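Enquirer: Dropping in model11.tsv, which is TSV, C-alpha atoms (C1' of nucleotides):
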```tsv
chain	number	residue	atom	x	y	z
A	22	MET	CA	-28.16	7.36	33.03
A	23	ALA	CA	-29.47	7.15	29.50
A	24	GLU	CA	-25.95	7.38	28.08
A	25	ASN	CA	-26.38	11.02	27.16
A	26	ALA	CA	-29.70	12.73	26.61
A	27	SER	CA	-28.32	15.58	24.55
A	28	PRO	CA	-29.05	15.39	20.82
A	29	GLY	CA	-26.49	15.11	18.09
A	30	ASN	CA	-24.00	12.77	19.67
A	31	HIS	CA	-25.31	9.57	18.19
A	32	ARG	CA	-22.06	9.27	16.21
A	33	SER	CA	-19.76	9.34	19.19
A	34	ALA	CA	-18.86	5.66	19.01
A	35	ARG	CA	-17.87	5.99	15.39
A	36	THR	CA	-15.74	9.07	15.87
A	37	ASP	CA	-14.03	7.44	18.83
A	38	LEU	CA	-12.76	4.74	16.50
A	39	LEU	CA	-11.19	7.11	14.01
A	40	PRO	CA	-7.87	7.78	15.78
A	41	ALA	CA	-7.00	4.09	16.00
A	42	LEU	CA	-8.04	3.55	12.39
A	43	ALA	CA	-5.99	6.55	11.28
A	44	ASP	CA	-2.88	5.06	12.87
A	45	VAL	CA	-3.19	1.91	10.80
A	46	PHE	CA	-3.86	3.71	7.54
A	47	GLN	CA	-0.96	6.10	8.17
A	48	ASN	CA	1.55	3.36	8.86
A	49	MET	CA	0.33	0.72	6.40
A	50	GLY	CA	-1.26	2.72	3.59
A	51	TYR	CA	-4.70	2.00	2.23
A	52	ASP	CA	-3.76	-1.29	0.62
A	53	GLY	CA	-1.77	-2.50	3.61
A	54	ALA	CA	-4.49	-1.63	6.11
A	55	THR	CA	-6.31	-4.95	6.37
A	56	LEU	CA	-9.52	-5.35	8.32
A	57	SER	CA	-7.67	-7.64	10.71
A	58	LEU	CA	-5.17	-4.88	11.50
A	59	LEU	CA	-7.93	-2.29	11.78
A	60	ALA	CA	-9.95	-4.53	14.08
A	61	ALA	CA	-6.94	-5.23	16.27
A	62	ALA	CA	-6.17	-1.51	16.55
A	63	THR	CA	-9.70	-0.69	17.66
A	64	GLY	CA	-10.20	-3.69	19.93
A	65	LEU	CA	-13.30	-4.68	17.98
A	66	SER	CA	-13.92	-7.67	15.74
A	67	ARG	CA	-13.90	-7.24	11.99
A	68	ALA	CA	-17.67	-7.70	11.89
A	69	SER	CA	-18.22	-4.95	14.46
A	70	LEU	CA	-16.41	-2.45	12.28
A	71	TYR	CA	-19.16	-2.93	9.70
A	72	HIS	CA	-21.72	-1.74	12.23
A	73	HIS	CA	-19.99	1.64	12.37
A	74	PHE	CA	-18.84	1.69	8.75
A	75	PRO	CA	-21.37	-0.23	6.62
A	76	GLY	CA	-19.32	0.61	3.54
A	77	GLY	CA	-16.31	-1.20	4.96
A	78	LYS	CA	-12.75	-0.16	4.37
A	79	ALA	CA	-13.63	2.34	1.64
A	80	GLU	CA	-15.98	4.18	3.97
A	81	MET	CA	-13.39	4.23	6.75
A	82	ALA	CA	-10.83	5.76	4.41
A	83	ALA	CA	-13.32	8.33	3.13
A	84	ALA	CA	-14.25	9.35	6.67
A	85	LEU	CA	-10.60	9.55	7.68
A	86	LEU	CA	-9.77	11.63	4.63
A	87	ARG	CA	-12.54	14.12	5.39
A	88	ASP	CA	-11.33	14.21	8.97
A	89	ALA	CA	-7.70	14.78	8.00
A	90	VAL	CA	-8.62	17.62	5.63
A	91	VAL	CA	-10.63	19.28	8.39
A	92	GLU	CA	-7.78	18.80	10.84
A	93	LEU	CA	-5.12	20.24	8.54
A	94	GLU	CA	-7.47	23.10	7.71
A	95	GLN	CA	-8.11	23.89	11.36
A	96	SER	CA	-4.58	23.30	12.61
A	97	ALA	CA	-2.77	25.15	9.88
A	98	PHE	CA	-4.54	26.79	6.96
A	99	SER	CA	-7.29	28.45	8.97
A	100	ARG	CA	-4.57	30.41	10.72
A	101	LEU	CA	-3.82	32.21	7.46
A	102	ALA	CA	-6.98	34.21	8.11
A	103	GLY	CA	-7.51	36.54	11.02
A	104	THR	CA	-6.52	39.92	12.31
A	105	LEU	CA	-2.88	39.27	13.16
A	106	PRO	CA	-0.14	40.70	10.92
A	107	ALA	CA	0.34	38.50	7.87
A	108	ASP	CA	3.86	37.45	8.82
A	109	GLU	CA	2.65	36.24	12.21
A	110	ARG	CA	-0.14	34.30	10.51
A	111	LEU	CA	2.42	32.57	8.32
A	112	ALA	CA	4.43	31.58	11.38
A	113	ALA	CA	1.26	30.26	13.03
A	114	PHE	CA	0.52	28.29	9.89
A	115	VAL	CA	3.91	26.57	10.03
A	116	ASP	CA	3.43	25.75	13.69
A	117	GLY	CA	0.00	24.37	12.92
A	118	PHE	CA	1.42	22.12	10.22
A	119	SER	CA	3.97	20.87	12.69
A	120	ASP	CA	1.18	20.04	15.13
A	121	TYR	CA	-0.76	18.26	12.40
A	122	VAL	CA	2.11	15.83	11.70
A	123	HIS	CA	3.06	15.54	15.39
A	124	GLU	CA	6.39	17.32	14.99
A	125	GLY	CA	7.51	14.96	12.25
A	126	GLU	CA	6.68	11.74	14.07
A	127	GLY	CA	3.44	11.13	12.16
A	128	ARG	CA	2.53	11.23	8.52
A	129	CYS	CA	0.07	13.24	6.48
A	130	LEU	CA	-2.86	10.89	5.98
A	131	ILE	CA	-4.01	12.96	3.02
A	132	ALA	CA	-0.74	12.30	1.23
A	133	VAL	CA	-0.90	8.62	2.15
A	134	LEU	CA	-4.39	8.28	0.69
A	135	ALA	CA	-3.21	9.96	-2.52
A	136	THR	CA	-1.14	6.84	-3.30
A	137	GLY	CA	-1.89	3.23	-4.23
A	138	SER	CA	-5.38	2.11	-5.07
A	139	ALA	CA	-6.86	4.84	-2.84
A	140	GLY	CA	-5.25	7.43	-5.08
A	141	ALA	CA	-7.43	6.32	-7.98
A	142	VAL	CA	-10.48	7.17	-5.87
A	143	HIS	CA	-9.39	10.27	-3.98
A	144	GLY	CA	-6.42	11.61	-5.91
A	145	THR	CA	-8.31	14.23	-7.87
A	146	THR	CA	-10.18	15.51	-4.82
A	147	ILE	CA	-6.90	15.79	-2.96
A	148	ALA	CA	-5.24	17.62	-5.84
A	149	GLY	CA	-8.06	20.16	-5.87
A	150	GLN	CA	-7.82	20.68	-2.14
A	151	PHE	CA	-4.09	21.32	-2.30
A	152	ALA	CA	-4.56	23.72	-5.20
A	153	GLU	CA	-6.97	25.74	-3.09
A	154	TRP	CA	-4.69	25.67	-0.08
A	155	SER	CA	-1.76	26.73	-2.23
A	156	HIS	CA	-3.69	29.75	-3.49
A	157	ARG	CA	-4.64	30.82	0.00
A	158	LEU	CA	-1.04	30.54	1.10
A	159	ALA	CA	0.06	32.68	-1.84
A	160	ALA	CA	-2.59	35.28	-0.98
A	161	THR	CA	-1.12	35.60	2.49
A	162	PHE	CA	2.33	36.23	1.04
A	163	GLU	CA	0.76	38.96	-1.07
A	164	GLU	CA	-0.50	40.54	2.13
A	165	CYS	CA	3.13	40.72	3.18
A	166	GLY	CA	3.81	42.89	0.15
A	167	TYR	CA	4.95	40.22	-2.29
A	168	LYS	CA	3.86	40.68	-5.88
A	169	PRO	CA	1.58	37.89	-7.21
A	170	LYS	CA	4.30	35.92	-9.00
A	171	ARG	CA	6.69	36.06	-6.11
A	172	ALA	CA	3.91	35.18	-3.69
A	173	GLY	CA	3.07	32.09	-5.73
A	174	ARG	CA	6.69	31.03	-5.68
A	175	ALA	CA	6.92	31.60	-1.94
A	176	ALA	CA	3.80	29.50	-1.38
A	177	THR	CA	5.06	26.45	-3.27
A	178	ASP	CA	8.45	27.05	-1.71
A	179	LEU	CA	6.95	26.77	1.76
A	180	LEU	CA	4.68	23.84	0.95
A	181	THR	CA	7.50	21.88	-0.66
A	182	GLY	CA	9.69	22.74	2.30
A	183	LEU	CA	7.16	21.40	4.77
A	184	TYR	CA	6.42	18.19	2.90
A	185	GLY	CA	10.07	17.64	2.03
A	186	ALA	CA	11.06	17.98	5.66
A	187	LEU	CA	8.39	15.44	6.60
A	188	GLN	CA	9.45	13.05	3.86
A	189	LEU	CA	13.17	13.18	4.67
A	190	ALA	CA	12.50	12.75	8.39
A	191	THR	CA	10.44	9.67	7.53
A	192	LEU	CA	13.12	8.25	5.23
A	193	LEU	CA	15.84	8.85	7.83
A	194	LYS	CA	13.56	7.67	10.66
A	195	ASP	CA	14.63	10.79	12.50
A	196	PRO	CA	11.92	13.31	13.47
A	197	SER	CA	14.57	15.75	14.68
A	198	VAL	CA	15.35	16.44	11.03
A	199	PHE	CA	11.80	17.69	10.63
A	200	ARG	CA	11.94	19.94	13.67
A	201	ALA	CA	15.29	21.43	12.74
A	202	GLN	CA	14.23	22.09	9.17
A	203	LEU	CA	11.00	23.75	10.32
A	204	LYS	CA	12.96	26.18	12.41
A	205	ARG	CA	14.93	27.16	9.33
A	206	LEU	CA	11.80	27.49	7.20
A	207	LYS	CA	10.29	29.83	9.74
A	208	LYS	CA	13.35	32.04	9.71
A	209	ARG	CA	12.95	32.50	5.97
A	210	LEU	CA	9.43	33.85	6.29
A	211	PRO	CA	8.84	37.58	5.70
A	212	ALA	CA	9.66	39.49	8.87
B	28	MET	CA	22.19	-16.66	-34.07
B	29	ALA	CA	22.53	-18.34	-30.68
B	30	GLU	CA	20.77	-15.45	-28.96
B	31	ASN	CA	24.04	-13.92	-27.87
B	32	ALA	CA	27.28	-15.78	-27.49
B	33	SER	CA	28.90	-13.32	-25.13
B	34	PRO	CA	29.13	-14.45	-21.50
B	35	GLY	CA	27.43	-12.84	-18.57
B	36	ASN	CA	24.06	-12.02	-20.07
B	37	HIS	CA	22.19	-15.01	-18.70
B	38	ARG	CA	20.13	-12.62	-16.58
B	39	SER	CA	18.89	-10.52	-19.45
B	40	ALA	CA	15.34	-11.86	-19.32
B	41	ARG	CA	15.06	-11.01	-15.64
B	42	THR	CA	16.47	-7.52	-15.98
B	43	ASP	CA	14.17	-6.88	-18.92
B	44	LEU	CA	11.20	-7.41	-16.63
B	45	LEU	CA	12.31	-4.89	-14.04
B	46	PRO	CA	11.03	-1.69	-15.71
B	47	ALA	CA	7.47	-3.01	-16.02
B	48	LEU	CA	7.56	-4.30	-12.45
B	49	ALA	CA	8.92	-0.98	-11.22
B	50	ASP	CA	5.98	0.85	-12.77
B	51	VAL	CA	3.49	-1.22	-10.81
B	52	PHE	CA	5.34	-0.91	-7.49
B	53	GLN	CA	5.75	2.84	-7.99
B	54	ASN	CA	2.09	3.44	-8.70
B	55	MET	CA	0.52	0.89	-6.36
B	56	GLY	CA	3.03	0.58	-3.53
B	57	TYR	CA	4.30	-2.76	-2.27
B	58	ASP	CA	1.00	-3.85	-0.75
B	59	GLY	CA	-1.06	-2.74	-3.73
B	60	ALA	CA	1.22	-4.42	-6.26
B	61	THR	CA	-0.54	-7.77	-6.64
B	62	LEU	CA	0.93	-10.60	-8.68
B	63	SER	CA	-1.97	-10.23	-11.08
B	64	LEU	CA	-1.05	-6.60	-11.75
B	65	LEU	CA	2.63	-7.46	-12.01
B	66	ALA	CA	1.90	-10.31	-14.41
B	67	ALA	CA	-0.31	-8.11	-16.57
B	68	ALA	CA	2.36	-5.40	-16.71
B	69	THR	CA	5.01	-7.86	-17.87
B	70	GLY	CA	2.80	-9.85	-20.21
B	71	LEU	CA	3.67	-13.04	-18.36
B	72	SER	CA	1.52	-15.28	-16.21
B	73	ARG	CA	1.82	-15.17	-12.45
B	74	ALA	CA	3.54	-18.56	-12.45
B	75	SER	CA	6.14	-17.42	-14.98
B	76	LEU	CA	7.20	-14.61	-12.70
B	77	TYR	CA	8.31	-17.23	-10.20
B	78	HIS	CA	10.73	-18.63	-12.76
B	79	HIS	CA	12.58	-15.30	-12.76
B	80	PHE	CA	11.97	-14.45	-9.12
B	81	PRO	CA	11.76	-17.70	-7.11
B	82	GLY	CA	11.28	-15.63	-3.96
B	83	GLY	CA	8.12	-14.11	-5.36
B	84	LYS	CA	7.00	-10.58	-4.65
B	85	ALA	CA	9.52	-10.03	-1.88
B	86	GLU	CA	12.40	-10.87	-4.20
B	87	MET	CA	11.03	-8.60	-6.92
B	88	ALA	CA	10.86	-5.71	-4.48
B	89	ALA	CA	14.35	-6.40	-3.17
B	90	ALA	CA	15.76	-6.48	-6.71
B	91	LEU	CA	13.92	-3.30	-7.63
B	92	LEU	CA	15.15	-1.57	-4.50
B	93	ARG	CA	18.77	-2.47	-5.22
B	94	ASP	CA	18.24	-1.29	-8.77
B	95	ALA	CA	16.71	2.01	-7.70
B	96	VAL	CA	19.53	2.70	-5.26
B	97	VAL	CA	22.08	2.06	-8.00
B	98	GLU	CA	20.16	4.25	-10.41
B	99	LEU	CA	19.85	7.17	-8.00
B	100	GLU	CA	23.52	6.77	-7.13
B	101	GLN	CA	24.61	6.79	-10.75
B	102	SER	CA	22.18	9.46	-11.95
B	103	ALA	CA	22.68	11.89	-9.11
B	104	PHE	CA	24.98	11.18	-6.17
B	105	SER	CA	27.91	9.88	-8.18
B	106	ARG	CA	28.08	13.30	-9.80
B	107	LEU	CA	29.11	14.79	-6.47
B	108	ALA	CA	32.53	13.27	-7.12
B	109	GLY	CA	34.84	14.23	-9.95
B	110	THR	CA	37.14	16.95	-11.08
B	111	LEU	CA	34.59	19.66	-11.89
B	112	PRO	CA	34.26	22.65	-9.54
B	113	ALA	CA	32.09	21.74	-6.56
B	114	ASP	CA	29.31	24.14	-7.50
B	115	GLU	CA	29.01	22.57	-10.93
B	116	ARG	CA	28.91	19.12	-9.37
B	117	LEU	CA	26.00	20.23	-7.19
B	118	ALA	CA	24.13	21.48	-10.25
B	119	ALA	CA	24.79	18.18	-12.01
B	120	PHE	CA	23.50	16.35	-8.95
B	121	VAL	CA	20.21	18.24	-9.07
B	122	ASP	CA	19.87	17.53	-12.79
B	123	GLY	CA	20.57	13.87	-12.13
B	124	PHE	CA	17.86	13.71	-9.48
B	125	SER	CA	15.45	15.25	-11.96
B	126	ASP	CA	16.34	12.55	-14.47
B	127	TYR	CA	15.87	9.86	-11.83
B	128	VAL	CA	12.25	10.90	-11.16
B	129	HIS	CA	11.56	11.67	-14.83
B	130	GLU	CA	11.19	15.41	-14.32
B	131	GLY	CA	8.57	14.93	-11.64
B	132	GLU	CA	6.36	12.55	-13.57
B	133	GLY	CA	7.58	9.45	-11.75
B	134	ARG	CA	8.10	8.62	-8.12
B	135	CYS	CA	11.10	7.58	-6.06
B	136	LEU	CA	10.74	3.83	-5.70
B	137	ILE	CA	13.07	3.89	-2.71
B	138	ALA	CA	10.68	6.20	-0.88
B	139	VAL	CA	7.70	4.08	-1.91
B	140	LEU	CA	9.33	0.92	-0.52
B	141	ALA	CA	10.03	2.70	2.76
B	142	THR	CA	6.28	2.68	3.49
B	143	GLY	CA	3.66	0.05	4.28
B	144	SER	CA	4.65	-3.52	5.03
B	145	ALA	CA	7.77	-3.16	2.83
B	146	GLY	CA	9.00	-0.48	5.20
B	147	ALA	CA	9.23	-3.02	8.01
B	148	VAL	CA	11.67	-5.02	5.86
B	149	HIS	CA	13.68	-2.32	4.09
B	150	GLY	CA	13.12	0.82	6.14
B	151	THR	CA	16.31	0.61	8.14
B	152	THR	CA	18.47	-0.11	5.10
B	153	ILE	CA	16.92	2.83	3.31
B	154	ALA	CA	17.47	5.11	6.29
B	155	GLY	CA	21.15	4.17	6.34
B	156	GLN	CA	21.51	4.79	2.64
B	157	PHE	CA	19.99	8.24	2.89
B	158	ALA	CA	22.18	9.06	5.86
B	159	GLU	CA	25.26	8.23	3.78
B	160	TRP	CA	24.01	10.22	0.81
B	161	SER	CA	23.24	13.15	3.06
B	162	HIS	CA	26.78	13.14	4.38
B	163	ARG	CA	28.28	13.08	0.92
B	164	LEU	CA	26.08	15.96	-0.11
B	165	ALA	CA	27.20	17.94	2.94
B	166	ALA	CA	30.84	17.19	2.11
B	167	THR	CA	30.38	18.73	-1.33
B	168	PHE	CA	28.98	21.90	0.23
B	169	GLU	CA	32.07	22.01	2.41
B	170	GLU	CA	34.14	21.92	-0.77
B	171	CYS	CA	32.33	25.12	-1.73
B	172	GLY	CA	33.70	26.75	1.38
B	173	TYR	CA	30.80	26.16	3.74
B	174	LYS	CA	31.71	25.35	7.32
B	175	PRO	CA	30.59	21.88	8.51
B	176	LYS	CA	27.44	23.00	10.27
B	177	ARG	CA	26.30	25.20	7.44
B	178	ALA	CA	27.14	22.46	4.92
B	179	GLY	CA	24.99	20.00	6.84
B	180	ARG	CA	22.09	22.43	6.82
B	181	ALA	CA	22.53	23.08	3.11
B	182	ALA	CA	22.49	19.34	2.42
B	183	THR	CA	19.23	18.65	4.24
B	184	ASP	CA	17.88	21.87	2.76
B	185	LEU	CA	18.54	20.60	-0.74
B	186	LEU	CA	17.33	17.06	-0.09
B	187	THR	CA	14.11	18.27	1.52
B	188	GLY	CA	13.66	20.68	-1.36
B	189	LEU	CA	14.00	17.92	-3.95
B	190	TYR	CA	11.69	15.48	-2.19
B	191	GLY	CA	9.20	18.18	-1.27
B	192	ALA	CA	9.01	19.32	-4.89
B	193	LEU	CA	8.38	15.75	-5.95
B	194	GLN	CA	5.76	15.22	-3.28
B	195	LEU	CA	3.84	18.41	-4.01
B	196	ALA	CA	3.91	17.75	-7.76
B	197	THR	CA	2.46	14.32	-7.05
B	198	LEU	CA	-0.24	15.69	-4.76
B	199	LEU	CA	-1.20	18.38	-7.28
B	200	LYS	CA	-0.86	15.93	-10.20
B	201	ASP	CA	1.18	18.60	-11.90
B	202	PRO	CA	4.80	17.77	-12.83
B	203	SER	CA	5.40	21.37	-13.90
B	204	VAL	CA	5.47	22.26	-10.21
B	205	PHE	CA	8.46	19.97	-9.83
B	206	ARG	CA	10.32	21.42	-12.81
B	207	ALA	CA	9.71	25.02	-11.75
B	208	GLN	CA	10.77	24.35	-8.17
B	209	LEU	CA	13.96	22.62	-9.31
B	210	LYS	CA	14.95	25.67	-11.31
B	211	ARG	CA	14.61	27.73	-8.15
B	212	LEU	CA	16.57	25.23	-6.06
B	213	LYS	CA	19.42	25.34	-8.56
B	214	LYS	CA	19.58	29.12	-8.38
B	215	ARG	CA	20.11	28.89	-4.63
B	216	LEU	CA	23.19	26.71	-4.98
B	217	PRO	CA	26.61	28.26	-4.27
B	218	ALA	CA	27.82	30.11	-7.32
C	26	DG	C1'	-23.54	-3.21	19.54
C	27	DT	C1'	-20.69	-7.08	19.84
C	28	DC	C1'	-19.62	-11.47	18.76
C	29	DT	C1'	-18.85	-16.36	16.11
C	30	DA	C1'	-19.39	-18.54	12.00
C	31	DT	C1'	-19.27	-18.43	7.39
C	32	DA	C1'	-19.38	-17.12	2.30
C	33	DC	C1'	-16.74	-16.26	-1.56
C	34	DA	C1'	-13.10	-13.80	-4.15
C	35	DC	C1'	-8.41	-13.03	-4.56
C	36	DC	C1'	-3.89	-13.38	-2.71
C	37	DG	C1'	0.84	-15.46	-3.02
C	38	DA	C1'	2.81	-19.65	-4.21
C	39	DT	C1'	3.52	-24.53	-6.20
C	40	DA	C1'	3.04	-28.70	-9.35
C	41	DG	C1'	3.56	-30.42	-13.48
C	42	DA	C1'	2.41	-30.56	-18.63
C	43	DC	C1'	4.27	-28.77	-22.79
D	16	DG	C1'	10.64	-20.66	-20.14
D	17	DT	C1'	5.85	-20.52	-20.47
D	18	DC	C1'	1.58	-22.09	-19.44
D	19	DT	C1'	-2.98	-24.16	-16.86
D	20	DA	C1'	-4.56	-25.91	-12.78
D	21	DT	C1'	-4.60	-25.90	-8.16
D	22	DC	C1'	-3.38	-25.34	-3.15
D	23	DG	C1'	-3.79	-23.14	1.38
D	24	DG	C1'	-4.34	-18.78	3.38
D	25	DT	C1'	-6.14	-14.38	3.82
D	26	DG	C1'	-8.94	-10.64	2.15
D	27	DT	C1'	-13.54	-8.23	2.39
D	28	DA	C1'	-18.06	-8.77	3.55
D	29	DT	C1'	-22.48	-10.89	5.49
D	30	DA	C1'	-25.77	-13.69	8.54
D	31	DG	C1'	-27.53	-14.31	12.60
D	32	DA	C1'	-27.09	-15.47	17.73
D	33	DC	C1'	-26.73	-13.03	22.01
```
Taking this structure as input, can you express it in the form of structure tokens?
Expert:
Amino acid sequence: MAENASPGNHRSARTDLLPALADVFQNMGYDGATLSLLAAATGLSRASLYHHFPGGKAEMAAALLRDAVVELEQSAFSRLAGTLPADERLAAFVDGFSDYVHEGEGRCLIAVLATGSAGAVHGTTIAGQFAEWSHRLAATFEECGYKPKRAGRAATDLLTGLYGALQLATLLKDPSVFRAQLKRLKKRLPA
Amino acid sequence: MAENASPGNHRSARTDLLPALADVFQNMGYDGATLSLLAAATGLSRASLYHHFPGGKAEMAAALLRDAVVELEQSAFSRLAGTLPADERLAAFVDGFSDYVHEGEGRCLIAVLATGSAGAVHGTTIAGQFAEWSHRLAATFEECGYKPKRAGRAATDLLTGLYGALQLATLLKDPSVFRAQLKRLKKRLPA
DNA sequence: GTCTATACACCGATAGAC
DNA sequence: GTCTATCGGTGTATAGAC
């Protein structure tokens, strides 16, 4: 068969590479992710990676960053909208964040790419994205009846709780810390 | 004068370099901290750095890690001991952590060196150190009357809160987030 | 679309003059 | 104790065969 006659899937090879590339960038950071490591993770040669990413490492990181933002949006923040009661949406958001970081066993690629030499390129974009997400989270707390100031506090409280749990689990090399802490964070949500 | 006749300061040149080196490792990570950047930050040539650190970059990182552990211990965790009431010691601990990360404007070098290729070398040591610190923090909560299980939860709650506040402030490029969140964390401590 | 071979810059590290 | 000069290795990136 002619591979696939349907239109719009001419990028399938490229997108198939992204998960393996993401693993390397997550574990090694942008500066530690060498083309040799990236090639080994994908099973391709270094040169072949340039066929899919003519811009090289920088283009891979940019594509992965876009991908990670979309994934965190879809897994977690998009659940803040909808017709469910606001408190149930908040719980779904927390669960979605947990999915995004694989229950504490992975890392947030967005946060990784905010550090080192990649941070100089993407740091401001990332800061803007988190500012927007933070506002949407606060708005959902307002739907629960919180006044604006308290809702803002609750939003940063939850975001810091999530990222702190992920960070401590990483430092302790113990994902169970993340899972246990998430259970506690969920109990503190408005009922 | 003969520079300084008192004994025991033969390492002063080396220790004087550490702050500049720490800045580079904090901002660039281990893999992004090239000898050229490190040399520029210290005002020395790359070769001269090898006079003070014969083991090169790895020895610099190891020295900085030891230094950071001592600094976090002295600034924050050592304040969990003493004759003050336990609740005041906890407040002093939080203030000490704030000092250690320069009120949210810096980063925790220990956490930075737990990632990338440096993590493969130092990750297990760091995990053990944080496990010990976590236990000592829990013990202080027990002194406040918390039962063991609740004290353990309060300890990881506080640690995740501190590191989450630091992480979110970094992502948002806004240290005021860290300062505001710390005020809230202190209010939640046992009275 | 994948590969081998290669170009060239920079990396970490060393030698040796001063 | 600092430097310039240099080494070998690896980094990113490209050329061109298949």
Enquirer: Of the residues A:Ala132, A:Leu101, A:Ala43, A:Leu93, which is the one nearest to Gly191 in chain B, using all atoms listed in the file?
Expert: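 The answer is A:Ala132, which sits nearest to Gly191 in chain B.
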Enquirer: Could you give me, as CSV, every chain C residue with an atom at most 12 Å from chain A, plus its closest atom pair and distance in Å to one decimal, counting only C-alpha atoms (C1' of nucleotides), rows ordered by chain then number?
Expert:
```
residue,atom,partner,partner_atom,distance
C:DG26,C1',A:Ser69,CA,7.6
C:DT27,C1',A:Ser69,CA,6.3
C:DC28,C1',A:Ser66,CA,7.5
C:DT29,C1',A:Ala68,CA,9.7
C:DA30,C1',A:Ala68,CA,11.0
C:DT31,C1',A:Ala68,CA,11.7
```
Enquirer: Please identify all polymer residues within 10 Å of DC33 in chain C, counting all atoms listed in the file, omitting same-chain residues fewer than 2 positions from it, and present them as a list in words.
Expert: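 Returned residues: DT31 and DC35 of chain C; DT27 and DA28 of chain D.
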Enquirer: Which polymer residues have any atom within 7 Å of an atom of Val51 in chain B, counting all atoms listed in the file, with same-chain residues fewer than 3 positions away left out, as a list in words?
Expert: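 Skipping anything fewer than 3 positions along the chain leaves Ala47, Leu48, Asn54, Met55, Ala60 and Leu65 of chain B.
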Enquirer: Pull out every residue of chain B sitting within 7 Å of chain A, counting only C-alpha atoms, and send them as a ChimeraX atom specification.
Expert: /B:54-56,58-59,138,141-144,153-154,157-158,187-188,190-192,194-195,198-200
Enquirer: Using all atoms listed in the file, find the residues of chain D whose closest atom to chain B is at most 12 Å away, then write them as a PyMOL selection string.
Expert: chain D and resi 16-21
Enquirer: As a PyMOL selection string, please: the residues near DC22 in chain D (cut-off 12 Å, only C-alpha atoms (C1' of nucleotides), same-chain neighbours under 6 positions excluded).
Expert: chain C and resi 36-40
Enquirer: Between CA of Glu115 in chain B and CA of Glu159 in chain B, what is the distance in Å, rounded to a tenth?
Expert: 20.9 Å
Enquirer: One decimal, in Å: what's the spacing between CA of Leu91 in chain B and CA of Leu45 in chain B?
Expert: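 Distance reported for this atom pair: 6.8 Å.
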Enquirer: Just checking: using all atoms listed in the file, which residue out of B:His149, B:Pro202, B:Thr167, B:Gly131 ends up closest to Leu92 in chain B?
Expert: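 Checking each of B:His149, B:Pro202, B:Thr167, B:Gly131 against Leu92 in chain B, counting all atoms listed in the file, the winner is B:His149.
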Enquirer: How far is it from CA of Arg100 in chain A to CA of Phe114 in chain A, in Å with one decimal?
Expert: 5.6 Å
Enquirer: With only C-alpha atoms as the atoms that count, which of B:Glu86, B:Asp94, B:Asp114, B:Asp43 lies nearest to Glu169 in chain B?
Expert: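 With only C-alpha atoms as the atom set, the closest residue is B:Asp114.
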Enquirer: When distances are computed from all atoms listed in the file, which of A:Phe162, A:Tyr167, A:Tyr121, A:Tyr71 shows the smallest separation from Val91 in chain A?
Expert: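 Under the stated criterion, the closest residue is A:Tyr121.
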